[in-house]
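**Q** To start, I am sharing the structure in question, which I have written as structure tokens.
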Amino acid sequence: MPITPLAPDPADPQPGQLLARGTCRMLASHDFACLEEFVPERGKRMDVLALGPKGELWCIECKSSRVDFTSDSKWQGYLEWCDRFFWAVGADFPLELLPEETGLIICDAYGGEILRMPEESKLAGARRKSMTLKFARDSARRLQGWRDPRL
């Protein structure tokens with residue numbers, strides 16, 4: 001009787017989530033705090049928003065394949081919510097797909113490296129303040145949810 005392979009466990013991280021984890025680990029080594037799946041406003045969800053030691057905000061979109069990249073055209077809508085925008089991809093990703101003006105992080109589930117730093121486009125003061133407060137409040141709510149899942 002042939003052995004039927006087990007279906008993937010939905011609790012296992014997806015490829016993009018593994019890239020996000022490696023990106024967050026690398027950014028933590030540069031004194032950034034990261035929040036995955038950050039929603040700056042309804043209808044938008046950043047894979048990673050990173051808050052730097054000087055208050056800078058970096059958006060990182062994680063793409064695990066050509067299809068993942070070509071099926072997502074929303075990335076330009078994130079530019080108004082960060083100081084710098086990056087792609088985080090694996091070593092085998094076709095880099096020619098990525099716009100030259102954006103940042104580039106090569107990573108895996110355990111770490112990564114910034115290969116291309118994009119130009120900085122500083123947020124306006126009011127936007128920076130609202131984003132930083134939302135980052136703090138969302139982070140606190142998530143931590144509180146771990147401690148008390150009934151909330």
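Ordering of the structure tokens sets the chain letters (A, B, ...), residue numbers begin anew at 1 in every chain, and ligands are numbered from 1 in the order given.
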Extract the full set of strand (DSSP E) residues from chain A according to DSSP on the backbone, and format it as a VMD selection string.
**A** chain A and resid 33 to 38 46 to 51 57 to 63 84 to 89 103 to 108 111 to 116
**Q** Fewer than 3 positions away in the same chain doesn't count, so skip those; otherwise give me all residues within 8 Å of Ile105 of chain A, counting only C-alpha atoms, as a VMD selection string.
**A** chain A and resid 23 86 to 89 112 to 116
**Q** Got a sec: who's within 12 Å of Glu80 of chain A, counting only C-alpha atoms, leaving out chain neighbours fewer than 2 positions off, as a VMD selection string?
**A** chain A and resid 40 to 41 44 57 to 59 75 to 78 82 to 85 120 to 124 127 to 128 131
**Q** When DSSP works through the backbone of this structure, what residues of segment 66-145 of chain A end up as alpha helix (DSSP H), shown as a list in words?
**A** Arg66, Val67, Asp68, Phe69, Thr70, Gly125, Ala126, Arg127, Arg128, Lys129, Ser130, Met131, Thr132, Leu133, Lys134, Phe135, Ala136, Arg137, Asp138, Ser139, Ala140, Arg141, Arg142, Leu143, Gln144 and Gly145 of chain A
**Q** Please determine, counting only C-alpha atoms, which residue among A:Val67, A:Leu79, A:Cys62, A:Leu27 has the shortest atom-to-atom distance to Pro15 of chain A.
**A**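 Checking each of A:Val67, A:Leu79, A:Cys62, A:Leu27 against Pro15 of chain A, counting only C-alpha atoms, the winner is A:Cys62.
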**Q** Could you please determine the separation between atom CA of Glu100 of chain A and atom CA of Lys129 of chain A in Å, to one decimal place?
**A** 28.9 Å
**Q** Quick check, in Å to one decimal: how far apart do atom CA of Leu51 of chain A and atom CA of Leu98 of chain A lie?
**A**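 Here the two named atoms are 23.3 Å from each other.
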